[in-house]
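Structure, as C-alpha cells:
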Amino acid sequence: MKYFLAAITVCLFVTSTSAQNVESTIALYADKYPQEKTYLHYDKSSYGAGQTVWFKAYLMSGIMPADESKTFYVDWTDDKGKLLEHGVYPVIQASASGQFDIPANYKGDYIHVKAYTKWMLNFDTAFIYQKDIRVLQPKAPAAANVPKPAVIPTLQFFPEGGDAVAELSNKIAFKANDQWGRPVKIKGVVVDSKGQVIDSLRPRHDGMGFFYILPQSNETYTAKWKDEKGKDYTTPLPVAKKEGITLQVASAGDKRTVVINSNLAALKTQPTIHVLGTMNQNQAFKVTRDISAGNTRLIIPTADLPTGILTITVFDDQWKPLAERITFVNNNEAIFKPTVNVDHWGLSQRARNKVDIMLPDTMFTNLSISVTDIGIDSDSSDNIISHLLLASEIKGQVYKPAYYFSATSDTINQHLDLVMLTHGWRRFKWDEVVAGKTPALVYQRDTSYLSIGGRVYGVNQALFRDAGEIILMIKPMEGQKEGQSLLLPIGTDGTFGDPNVLLFDSVRIYYQLSQKKGFRDASVKFMENLLPPLRNNQAANGLYSQQWDTAGMARNRMLADEAAKLLANAEGKMLDNVVIKSKTKTKVEQMDEKYTSAFFKGDGMQFDITEDPAAMGAMTIFNYLQGRVAGLQISTGGPGGNTSLQWRGGSPQLYLDEMPTEPDQIQSVPVADIAYVKVFRPPFMGGFNGANGAIAVYTRRGGDIKSTPGSGLANEKVVGYSLVKQFYSPNYDSYKKENESRDLRTTLYWNPQLRAGGKDRKVSVTFHNNDISEAFRVVIEGMTGDGRLAHVEYVME
C-alpha cells in the first residue's frame with residue numbers, strides 16, 4: 001500500500017509556536033489516540049422471530065487492521081430500547097464473530113445493533129457502529145382503515161466551508177430527505193426578501209444538489225419548494241456572515257483545486273492563512289499563504305494519498321479555524337477482488353456444492369462467506385468497503401453508500417462529492433489541538449484478553465506483602481460439565497489472575513482466602529476490566545434500515561413461518577412408549593461417571609459425600625477419610641504448622657478437581673462443598689508421584705451444589721466471553737435420521753473463519769442445498785493484513 005505521511009510542500013514560512021503545537025499534537029493523536037472503526041457482516045438481511053443472527057466484525061484503525069483491542073462488545077436492543085443481550089467476544093486478527101438468537105416470542109419489527117470496543121467510547125460516539133435489522137413477523141390481515149405513515153420531508157442547507165459569507169460567491173449544497181433518512185424528490189426556487197428568484201433547486205442525486213449565490217449584506221433568502229405530491233414548503237437559508245472566508249474545492253483526477261476568498265478585515269492587516277490537510281488523524285500537508293489580495297488558489301496533488309476522506313481546514317495567522325471542507329480521495333489501492341469459481345455443484349434438492357475462492361496475492365487474508373436462497377431479500381446498500389472507507393467516517397446516515405464504490409465514473413465521483421458537502425465531519429476539536437491538549441481517556445484499551453482475575457478488597461494494604469494465594473474453584477453453570485480449580489498468588493496491590501485461563505459464558509467462582517488475621521472479612525471482585533452494558537440504548541425503529549425488497553421479504557417471511565411450524569410440530573410430537581432394559585447404576589457409580597475424567601476412571605475406594613450425613617459432622621475431609629481408609633494417618637502441627645498424610649509407608653498424591661495440590665489446600669475446603677472422593681491404592685498410574693497411591697477430591701458442581709445461604713465457600717457469578725456457536729450445515733452424503741425433516745433453510749452456509757496466506761491462495765467451502773432453493777447468492781467479505789478490503793457477490797443459478 002501507499003503510505004501517506006510524506007508532506008506536500010507548496011509554500012512554507014517561519015513556523016510559529018502555535019504551528020508547532022498543531023503539528024506535534026496531530027502527530028500525538030496519530031500515535032497515541034488512533035480511533036478504531038468496525039463493520040459487521042451478517043449472514044442475511046432479515047430474520048424471523050426465533051432465528052439466529054450470525055455475524056462477523058472487522059476492525060480497522062486508520063488504513064490498517066486494528067489489532068490492539070482484544071475484546072469486542074455487541075449490544076442488542078428491542079424496539080423499546082430494552083437491552084436483549086450484551087455480547088462480549090475475543091478479537092482475533094482484527095476480527096470477532098458470534099451470533100444472537102432472536103427471542104421466539106419477539107413481536108417488534110426491528111432489533112438494534114450497537115457494536116464497539118472499549119477504546120471507541122473515549123471519542124465521539126456518533127461514529128460508533130449502529131444498525132437496525134428487520135424481524136419478519138407473521139403477516140397480519142390487511143386493515144383497510146389503517147393509514148400508512150405520512151412522509152415528512154425536510155430540506156437542509158450546507159454552505160461549502162461551513163458559513164455563507166456576504167458579498168462573496170458561495171456554493172450552497174442542500175439535501176432533501178424524509179424522517180427515515182431516505183431521499184425525497186423536490187423542486188423549487190431560492191428567493192430574496194422581495195420575492196425575486198435567485199436560483200432554482202435542482203437535486204442531482206438522491207435528494208442532494210447545490211447552487212451558487214452572492215448574498216448581499218442585511219438580506220435574507222428563502223427556499224420555496226414542493227414535494228412529490230405538490231405540497232408547498234418554505235425553508236430559510238442560513239444567514240450570511242458579514243465577514244469571513246469561503247472555501248471551495250474542485251476535484252479533477254489526482255488533484256484538488258482549492259479556492260479561498262475573503263472579506264475578513266483582519267486578514268488585510270494580518271494577511272496570512274494556513275491551510276492544513278489531514279487524513280486518519282495524520283497531517284497530509286500544510287500550506288501558508290498571503291491572502292492580502294482577498295483570494296488565493298492552491299493545487300493539492302493527491303496521487304500519493306490513501307483512499308479515504310481528506311479534510312482541508314483553513315486557519316488565520318493565530319491558528320483559529322475559519323473554514324473546513326472534506327473531499328474523498330480514491331486511488332483504488334484499498335480494494336482487492338478475490339475470484340469465485342464453482343468446481344462442481346448441482347441445484348437438485350440437497351445437492352452438494354463446492355466453491356473455490358482465489359486470492360490475488362499471498363498476503364494474509366481474513367474472510368467470511370454467506371450463502372443464501374436467492375429469492376429472499378438482500379440488502380446491498382452497504383458493505384465492508386463502503387462502510388469502513390466512507391459511512392463510518394462521517395456523521396449522519398449515508399443513504400446507500402455502496403453505490404459510490406460501484407464504479408469509478410465521473411458521475412459517481414460527482415455524486416460522492418455531494419455526500420462530502422452535505423455531511424458533518426469533525427474528528428479534531430481545533431481549539432484543543434492548537435492549545436496542545438489531548439483527549440482525556442475514560443476507558444483504557446483492552447490490550448489483553450478477558451482472562452480470569454480480580455482484586456481483594458477490605459484488607460490493609462500492608463498485609464498484601466504476605467497475602468499468599470487464593471484458591472479458585474470455577475464451576476460452569478447448569479448444562480456444562482467441565483470445572484477447574486486454580487491456585488493464584490495475590491500481588492502486593494491485592495490483584496490476582498492467570499492470563500492463560502479465558503472464561504466463556506457464565507460461571508460461578510468459589511474462592512478461599514488466607515485465614516490469617518485481616519483477611520477474614522475480605523471480599524473479592526472478579527473481572528473488573530469487563531465493560532458492562534452501556535446505558536441509553538437505541539430503540540430499534542428502522543431508522544438505520546435501508547433495504548425495502550418487499551418481494552424478497554415476503555418469501556423470507558413465508559419460509560420462516562414454515563420452518564417455525566415444522567419446529568413446533570417436531571417439539572409437540574409424543575413418542576411411543578418404549579421399554580428400555582438396562583442395569584441401573586448405583587449413585588456412587590453415577591458420581592464417578594459425572595466427576596472423573598479418563599485418567600481417574602480406574603478402580604478405587606469411592607465416597608459419595610452428598611449422600612453421607614456423617615460427612616457434615618467432620619471438621620475436614622481428611623478427618624472424614626481417616627476412619628474409612630485403613631492405614632491413613634494425618635498429622636498436624638509439623639514444621640510451619642502444615643498438615644501431612646501417610647498411607648502405606650508413603651505420602652499419597654493429592655488432587656483437587658484433578659489438579660495436583662497440597663494437603664493444606666484441600667483441608668481449607670469446607671466438607672459442605674465437596675461432592676465426591678476417590679482413593680486409589682498404590683501405584684496410581686493417572687499422574688506423577690503416584691507410587692504411594694492418590695486421593696482425588698471433587699467439589700460440588702451443577703445440581704450437587706448446595707444453595708443454603710451462608711454455607712460453604714464465598715462465591716460469585718462471573719460472566720466471561722459469550723459462547724460462539726458453530727453454524728449447522730447438514731451433510732446429506734450419508735443417512736442420518738435427523739435429515740428426514742423438510743429442509744427450509746434460507747441461509748445454506750455461513751463461515752466467518754476463512755483464512756489464507758503465503759503459498760496457499762485458495763480457500764474452498766462445501767455445502768448442501770435445501771429442499772426449495774433454485775439459486776444461491778454468495779457474499780464474500782474480508783480484509784488483508786495490510787488493510788485492503790473485499791466485497792464480492794456471486795449468483796449461482
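Ligands are numbered from 1 in the order shown, chains are lettered A, B, ... in the order of the C-alpha cells, and residues start at 1 in each chain.
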As a PDB file with N, CA, C and O atoms, in the first residue's frame, please: all residues of region 607-704 of chain A that backbone DSSP puts in alpha helix (DSSP H).
```pdb
ATOM      1  N   ILE A 621     -12.186 -32.927  55.338  1.00  0.00           N
ATOM      2  CA  ILE A 621     -12.392 -34.145  54.569  1.00  0.00           C
ATOM      3  C   ILE A 621     -11.409 -35.229  55.000  1.00  0.00           C
ATOM      4  O   ILE A 621     -11.698 -36.427  54.925  1.00  0.00           O
ATOM      5  N   PHE A 622     -10.217 -34.825  55.517  1.00  0.00           N
ATOM      6  CA  PHE A 622      -9.252 -35.816  55.990  1.00  0.00           C
ATOM      7  C   PHE A 622      -9.758 -36.514  57.260  1.00  0.00           C
ATOM      8  O   PHE A 622      -9.560 -37.719  57.440  1.00  0.00           O
ATOM      9  N   ASN A 623     -10.394 -35.750  58.153  1.00  0.00           N
ATOM     10  CA  ASN A 623     -10.980 -36.371  59.344  1.00  0.00           C
ATOM     11  C   ASN A 623     -12.042 -37.388  58.951  1.00  0.00           C
ATOM     12  O   ASN A 623     -12.166 -38.453  59.584  1.00  0.00           O
ATOM     13  N   TYR A 624     -12.806 -37.080  57.918  1.00  0.00           N
ATOM     14  CA  TYR A 624     -13.833 -37.996  57.431  1.00  0.00           C
ATOM     15  C   TYR A 624     -13.195 -39.271  56.881  1.00  0.00           C
ATOM     16  O   TYR A 624     -13.650 -40.387  57.150  1.00  0.00           O
ATOM     17  N   LEU A 625     -12.099 -39.137  56.132  1.00  0.00           N
ATOM     18  CA  LEU A 625     -11.479 -40.294  55.495  1.00  0.00           C
ATOM     19  C   LEU A 625     -10.682 -41.144  56.476  1.00  0.00           C
ATOM     20  O   LEU A 625     -10.492 -42.347  56.256  1.00  0.00           O
ATOM     21  N   GLN A 626     -10.196 -40.536  57.566  1.00  0.00           N
ATOM     22  CA  GLN A 626      -9.281 -41.241  58.459  1.00  0.00           C
ATOM     23  C   GLN A 626      -9.896 -42.515  59.041  1.00  0.00           C
ATOM     24  O   GLN A 626      -9.223 -43.516  59.205  1.00  0.00           O
ATOM     25  N   PRO A 663      -1.840 -30.726  50.946  1.00  0.00           N
ATOM     26  CA  PRO A 663      -2.836 -31.052  51.978  1.00  0.00           C
ATOM     27  C   PRO A 663      -3.544 -29.830  52.552  1.00  0.00           C
ATOM     28  O   PRO A 663      -4.761 -29.873  52.782  1.00  0.00           O
ATOM     29  N   ASP A 664      -2.791 -28.735  52.791  1.00  0.00           N
ATOM     30  CA  ASP A 664      -3.421 -27.557  53.393  1.00  0.00           C
ATOM     31  C   ASP A 664      -4.522 -26.992  52.512  1.00  0.00           C
ATOM     32  O   ASP A 664      -5.519 -26.460  52.998  1.00  0.00           O
ATOM     33  N   GLN A 665      -4.354 -27.064  51.190  1.00  0.00           N
ATOM     34  CA  GLN A 665      -5.359 -26.507  50.284  1.00  0.00           C
ATOM     35  C   GLN A 665      -6.644 -27.331  50.325  1.00  0.00           C
ATOM     36  O   GLN A 665      -7.744 -26.786  50.342  1.00  0.00           O
ATOM     37  N   ILE A 666      -6.501 -28.647  50.358  1.00  0.00           N
ATOM     38  CA  ILE A 666      -7.703 -29.485  50.440  1.00  0.00           C
ATOM     39  C   ILE A 666      -8.352 -29.329  51.811  1.00  0.00           C
ATOM     40  O   ILE A 666      -9.582 -29.286  51.938  1.00  0.00           O
ATOM     41  N   GLN A 667      -7.546 -29.240  52.853  1.00  0.00           N
ATOM     42  CA  GLN A 667      -8.083 -29.113  54.200  1.00  0.00           C
ATOM     43  C   GLN A 667      -8.873 -27.829  54.371  1.00  0.00           C
ATOM     44  O   GLN A 667      -9.806 -27.759  55.196  1.00  0.00           O
TER      45      GLN A 667
END
```
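Residues in contact with His41 (chain A) at up to 8 Å, not including ones fewer than 2 positions away on its chain and judged by only C-alpha atoms, are A:Tyr39, A:Asp43, A:Phe55, A:Lys56, A:Ala57, A:Ser368, A:Asn383, A:Ile384, A:Glu781.
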Saved selection, atoms kept: all heavy atoms, as a tab-separated table (two decimals), in the first residue's frame:
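The result, stored in selection.tsv:
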```tsv
chain	number	residue	atom	x	y	z
A	39	TYR	N	-17.10	-2.83	11.22
A	39	TYR	CA	-18.19	-3.18	10.31
A	39	TYR	C	-18.59	-4.61	10.60
A	39	TYR	O	-17.73	-5.47	10.88
A	39	TYR	CB	-17.73	-3.06	8.85
A	39	TYR	CG	-18.65	-3.74	7.87
A	39	TYR	CD1	-19.84	-3.14	7.47
A	39	TYR	CD2	-18.34	-5.00	7.36
A	39	TYR	CE1	-20.70	-3.79	6.58
A	39	TYR	CE2	-19.19	-5.65	6.47
A	39	TYR	CZ	-20.37	-5.04	6.09
A	39	TYR	OH	-21.22	-5.66	5.22
A	43	ASP	N	-25.15	-12.91	7.99
A	43	ASP	CA	-25.42	-13.96	7.03
A	43	ASP	C	-26.54	-13.59	6.07
A	43	ASP	O	-26.56	-14.04	4.93
A	43	ASP	CB	-25.73	-15.29	7.73
A	43	ASP	CG	-27.00	-15.23	8.56
A	43	ASP	OD1	-27.08	-14.36	9.45
A	43	ASP	OD2	-27.91	-16.06	8.35
A	55	PHE	N	-22.95	-13.22	12.67
A	55	PHE	CA	-22.22	-12.02	12.25
A	55	PHE	C	-20.71	-12.21	12.39
A	55	PHE	O	-20.24	-13.07	13.15
A	55	PHE	CB	-22.65	-10.80	13.07
A	55	PHE	CG	-22.18	-10.83	14.51
A	55	PHE	CD1	-20.93	-10.35	14.87
A	55	PHE	CD2	-22.99	-11.37	15.50
A	55	PHE	CE1	-20.50	-10.40	16.19
A	55	PHE	CE2	-22.57	-11.41	16.82
A	55	PHE	CZ	-21.31	-10.92	17.17
A	56	LYS	N	-19.98	-11.41	11.65
A	56	LYS	CA	-18.54	-11.28	11.82
A	56	LYS	C	-18.19	-9.81	11.79
A	56	LYS	O	-18.64	-9.07	10.91
A	56	LYS	CB	-17.77	-12.01	10.74
A	56	LYS	CG	-16.24	-11.87	10.92
A	56	LYS	CD	-15.47	-12.74	9.98
A	56	LYS	CE	-13.98	-12.62	10.23
A	56	LYS	NZ	-13.19	-13.49	9.34
A	57	ALA	N	-17.40	-9.36	12.76
A	57	ALA	CA	-16.97	-7.97	12.86
A	57	ALA	C	-15.54	-7.83	12.36
A	57	ALA	O	-14.68	-8.67	12.66
A	57	ALA	CB	-17.06	-7.49	14.31
A	368	SER	N	-15.03	-13.92	5.36
A	368	SER	CA	-16.28	-14.55	5.80
A	368	SER	C	-17.15	-14.76	4.57
A	368	SER	O	-17.08	-13.99	3.61
A	368	SER	CB	-17.00	-13.68	6.84
A	368	SER	OG	-17.13	-12.34	6.40
A	383	ASN	N	-21.67	-2.23	2.46
A	383	ASN	CA	-20.81	-3.39	2.59
A	383	ASN	C	-19.54	-2.99	3.30
A	383	ASN	O	-19.39	-1.84	3.74
A	383	ASN	CB	-20.52	-4.03	1.22
A	383	ASN	CG	-19.90	-3.04	0.24
A	383	ASN	OD1	-18.90	-2.41	0.55
A	383	ASN	ND2	-20.49	-2.92	-0.93
A	384	ILE	N	-18.60	-3.91	3.44
A	384	ILE	CA	-17.40	-3.64	4.21
A	384	ILE	C	-16.59	-2.49	3.61
A	384	ILE	O	-15.98	-1.69	4.34
A	384	ILE	CB	-16.53	-4.92	4.32
A	384	ILE	CG1	-15.37	-4.70	5.29
A	384	ILE	CG2	-16.07	-5.40	2.96
A	384	ILE	CD1	-14.58	-5.98	5.58
A	781	GLU	N	-16.86	-11.35	2.08
A	781	GLU	CA	-16.24	-10.10	2.51
A	781	GLU	C	-14.98	-10.42	3.29
A	781	GLU	O	-14.84	-11.52	3.84
A	781	GLU	CB	-17.20	-9.27	3.36
A	781	GLU	CG	-18.42	-8.82	2.58
A	781	GLU	CD	-19.21	-7.71	3.25
A	781	GLU	OE1	-19.55	-7.87	4.44
A	781	GLU	OE2	-19.49	-6.71	2.57
```
Skipping near chain neighbours, those fewer than 3 positions away, what residues fall within 7 Å of Arg681 (chain A) using only C-alpha atoms, listed as a compact mmCIF listing (two decimals) with all heavy atoms, in the first residue's frame?
```txt
# COMPACT_ATOMS: atom_id res chain seq x y z
N GLY A 604 -10.98 -47.80 42.63
CA GLY A 604 -10.58 -47.08 43.83
C GLY A 604 -11.72 -47.09 44.83
O GLY A 604 -12.86 -47.45 44.52
N PHE A 684 -0.68 -45.45 41.66
CA PHE A 684 -1.69 -44.74 40.86
C PHE A 684 -1.04 -44.31 39.55
O PHE A 684 -0.05 -43.57 39.55
CB PHE A 684 -2.21 -43.53 41.63
CG PHE A 684 -3.11 -42.63 40.80
CD1 PHE A 684 -4.29 -43.13 40.26
CD2 PHE A 684 -2.76 -41.32 40.56
CE1 PHE A 684 -5.11 -42.32 39.50
CE2 PHE A 684 -3.58 -40.50 39.80
CZ PHE A 684 -4.76 -40.99 39.27
N GLY A 693 0.06 -44.16 45.87
CA GLY A 693 -1.37 -44.01 45.76
C GLY A 693 -1.79 -42.55 45.58
O GLY A 693 -0.94 -41.64 45.47
N ALA A 694 -3.09 -42.30 45.55
CA ALA A 694 -3.60 -40.94 45.33
C ALA A 694 -4.98 -40.79 45.96
O ALA A 694 -5.73 -41.77 46.11
CB ALA A 694 -3.67 -40.62 43.84
```
Can you list every residue of region 90-144 of chain A that has an atom at most 10 Å from region 410-434 of chain A, with its nearest atom pair and the distance in Å to one decimal, using only C-alpha atoms, ordered by chain then number, as CSV?
```
residue,atom,partner,partner_atom,distance
A:Phe123,CA,A:Arg427,CA,8.9
A:Asp124,CA,A:Arg427,CA,8.0
A:Phe127,CA,A:Arg427,CA,9.8
```
Could you dump the residues just selected with C-alpha atoms as a PDB file, in the first residue's frame?
```
ATOM      1  CA  PHE A 123     -14.211   9.565  21.393  1.00  0.00           C
ATOM      2  CA  ASP A 124     -17.268  10.905  19.597  1.00  0.00           C
ATOM      3  CA  PHE A 127     -19.023   7.242  14.893  1.00  0.00           C
TER       4      PHE A 127
END
```
Close residues, Asp561 (chain A) itself excluded, 9 Å, only C-alpha atoms, min 6 positions apart in chain, as a ChimeraX atom specification = /A:48,137-138
Selection from above, N, CA and C atoms, as a tab-separated table (two decimals), in the first residue's frame, can you write it?
```tsv
chain	number	residue	atom	x	y	z
A	48	GLY	N	-36.63	-14.13	10.95
A	48	GLY	CA	-37.87	-14.37	11.66
A	48	GLY	C	-37.61	-14.49	13.14
A	137	GLN	N	-42.30	-10.45	10.98
A	137	GLN	CA	-43.40	-11.00	11.77
A	137	GLN	C	-44.43	-11.65	10.85
A	138	PRO	N	-45.19	-12.64	11.37
A	138	PRO	CA	-46.26	-13.23	10.55
A	138	PRO	C	-47.17	-12.15	9.99
```
Show which residues sit within 7 Å of region 311-321 of chain A, as a ChimeraX atom specification. Count only C-alpha atoms, and ignore same-chain residues fewer than 3 positions away.
-> /A:18,272-279,324-327,430,434
Taking only C-alpha atoms into account, which of A:Lys337, A:Lys525, A:Arg289, A:Lys70 comes nearest Leu267 (chain A)?
-> A:Arg289
Could you give me, as JSON lines, a per-residue list for region 223-275 of chain A showing, wherever an atom lies at most 7 Å from an atom of region 178-187 of chain A, the closest pair of atoms and their distance in Å to one decimal, using only C-alpha atoms and sorting by chain then residue number from low to high?
```
{"residue": "A:Trp225", "atom": "CA", "partner": "A:Lys187", "partner_atom": "CA", "distance": 5.5}
{"residue": "A:Lys226", "atom": "CA", "partner": "A:Ile186", "partner_atom": "CA", "distance": 5.6}
{"residue": "A:Asp227", "atom": "CA", "partner": "A:Ile186", "partner_atom": "CA", "distance": 4.7}
{"residue": "A:Glu228", "atom": "CA", "partner": "A:Lys185", "partner_atom": "CA", "distance": 5.9}
```
Within 12 Å of Asn537 (chain A), counting only C-alpha atoms, which residues qualify if same-chain residues fewer than 6 places away don't, as an MDAnalysis selection string?
-> chainID A and resid 74:86 111:115 130
What does the file look like for those residues with N, CA, C and O atoms, as a tab-separated table (two decimals), in the first residue's frame?
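Generated output (again_1.tsv):
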```tsv
chain	number	residue	atom	x	y	z
A	74	VAL	N	-21.01	-6.19	21.68
A	74	VAL	CA	-22.18	-6.01	20.82
A	74	VAL	C	-23.42	-5.98	21.70
A	74	VAL	O	-23.69	-6.93	22.45
A	75	ASP	N	-24.18	-4.89	21.63
A	75	ASP	CA	-25.42	-4.75	22.38
A	75	ASP	C	-26.61	-4.88	21.43
A	75	ASP	O	-26.66	-4.21	20.39
A	76	TRP	N	-27.56	-5.72	21.80
A	76	TRP	CA	-28.77	-5.96	21.02
A	76	TRP	C	-29.96	-5.42	21.81
A	76	TRP	O	-30.17	-5.81	22.95
A	77	THR	N	-30.73	-4.53	21.21
A	77	THR	CA	-31.87	-3.93	21.90
A	77	THR	C	-33.14	-4.09	21.08
A	77	THR	O	-33.10	-4.26	19.86
A	78	ASP	N	-34.29	-4.04	21.79
A	78	ASP	CA	-35.56	-4.22	21.10
A	78	ASP	C	-36.12	-2.89	20.65
A	78	ASP	O	-35.45	-1.85	20.71
A	79	ASP	N	-37.38	-2.90	20.20
A	79	ASP	CA	-37.98	-1.69	19.64
A	79	ASP	C	-38.35	-0.67	20.72
A	79	ASP	O	-38.77	0.44	20.38
A	80	LYS	N	-38.17	-1.02	21.98
A	80	LYS	CA	-38.41	-0.06	23.07
A	80	LYS	C	-37.09	0.45	23.67
A	80	LYS	O	-37.11	1.25	24.60
A	81	GLY	N	-35.99	-0.02	23.16
A	81	GLY	CA	-34.70	0.37	23.71
A	81	GLY	C	-34.24	-0.51	24.86
A	81	GLY	O	-33.23	-0.22	25.50
A	82	LYS	N	-34.95	-1.61	25.13
A	82	LYS	CA	-34.58	-2.53	26.20
A	82	LYS	C	-33.46	-3.45	25.73
A	82	LYS	O	-33.52	-4.01	24.64
A	83	LEU	N	-32.43	-3.61	26.57
A	83	LEU	CA	-31.30	-4.46	26.21
A	83	LEU	C	-31.73	-5.92	26.22
A	83	LEU	O	-32.24	-6.44	27.20
A	84	LEU	N	-31.49	-6.60	25.10
A	84	LEU	CA	-31.78	-8.02	24.99
A	84	LEU	C	-30.56	-8.88	25.30
A	84	LEU	O	-30.69	-9.95	25.88
A	85	GLU	N	-29.39	-8.41	24.90
A	85	GLU	CA	-28.17	-9.16	25.15
A	85	GLU	C	-26.96	-8.25	25.05
A	85	GLU	O	-26.91	-7.37	24.18
A	86	HIS	N	-26.01	-8.47	25.96
A	86	HIS	CA	-24.72	-7.77	25.94
A	86	HIS	C	-23.66	-8.80	25.59
A	86	HIS	O	-23.25	-9.59	26.44
A	111	ILE	N	-34.69	-5.21	15.42
A	111	ILE	CA	-33.78	-5.21	16.56
A	111	ILE	C	-32.63	-4.27	16.21
A	111	ILE	O	-32.32	-4.07	15.03
A	112	HIS	N	-32.05	-3.68	17.25
A	112	HIS	CA	-30.99	-2.70	17.03
A	112	HIS	C	-29.65	-3.26	17.48
A	112	HIS	O	-29.56	-3.90	18.53
A	113	VAL	N	-28.62	-3.02	16.69
A	113	VAL	CA	-27.28	-3.50	16.97
A	113	VAL	C	-26.36	-2.30	17.22
A	113	VAL	O	-26.34	-1.36	16.41
A	114	LYS	N	-25.63	-2.34	18.32
A	114	LYS	CA	-24.58	-1.36	18.59
A	114	LYS	C	-23.31	-2.15	18.87
A	114	LYS	O	-23.29	-3.00	19.76
A	115	ALA	N	-22.24	-1.87	18.12
A	115	ALA	CA	-21.01	-2.65	18.23
A	115	ALA	C	-19.83	-1.71	18.43
A	115	ALA	O	-19.73	-0.68	17.75
A	130	GLN	N	-23.85	1.33	14.35
A	130	GLN	CA	-25.23	1.04	14.74
A	130	GLN	C	-26.03	0.64	13.52
A	130	GLN	O	-25.82	1.16	12.42
```
Pick out the residues sitting within 6 Å of Asp356 (chain A), and hand them over as a list in words; count only C-alpha atoms, and ignore anything fewer than 4 positions along from it in its own chain.
->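 The residues that qualify are Val340, Asn341, Val763 and Ser764 of chain A.
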Atoms kept (N, CA, C and O atoms) for selection, written as a compact mmCIF listing (two decimals), in the first residue's frame:
```txt
# COMPACT_ATOMS: atom_id res chain seq x y z
N VAL A 340 -14.19 -16.07 -7.69
CA VAL A 340 -15.00 -17.19 -7.20
C VAL A 340 -15.21 -18.17 -8.34
O VAL A 340 -15.66 -17.79 -9.43
N ASN A 341 -14.86 -19.41 -8.10
CA ASN A 341 -15.05 -20.47 -9.08
C ASN A 341 -15.89 -21.59 -8.48
O ASN A 341 -15.69 -21.97 -7.32
N VAL A 763 -9.14 -20.83 -1.00
CA VAL A 763 -9.98 -21.30 0.09
C VAL A 763 -11.20 -21.98 -0.52
O VAL A 763 -11.84 -21.41 -1.41
N SER A 764 -11.51 -23.18 -0.06
CA SER A 764 -12.64 -23.93 -0.61
C SER A 764 -13.66 -24.21 0.48
O SER A 764 -13.30 -24.48 1.63
```
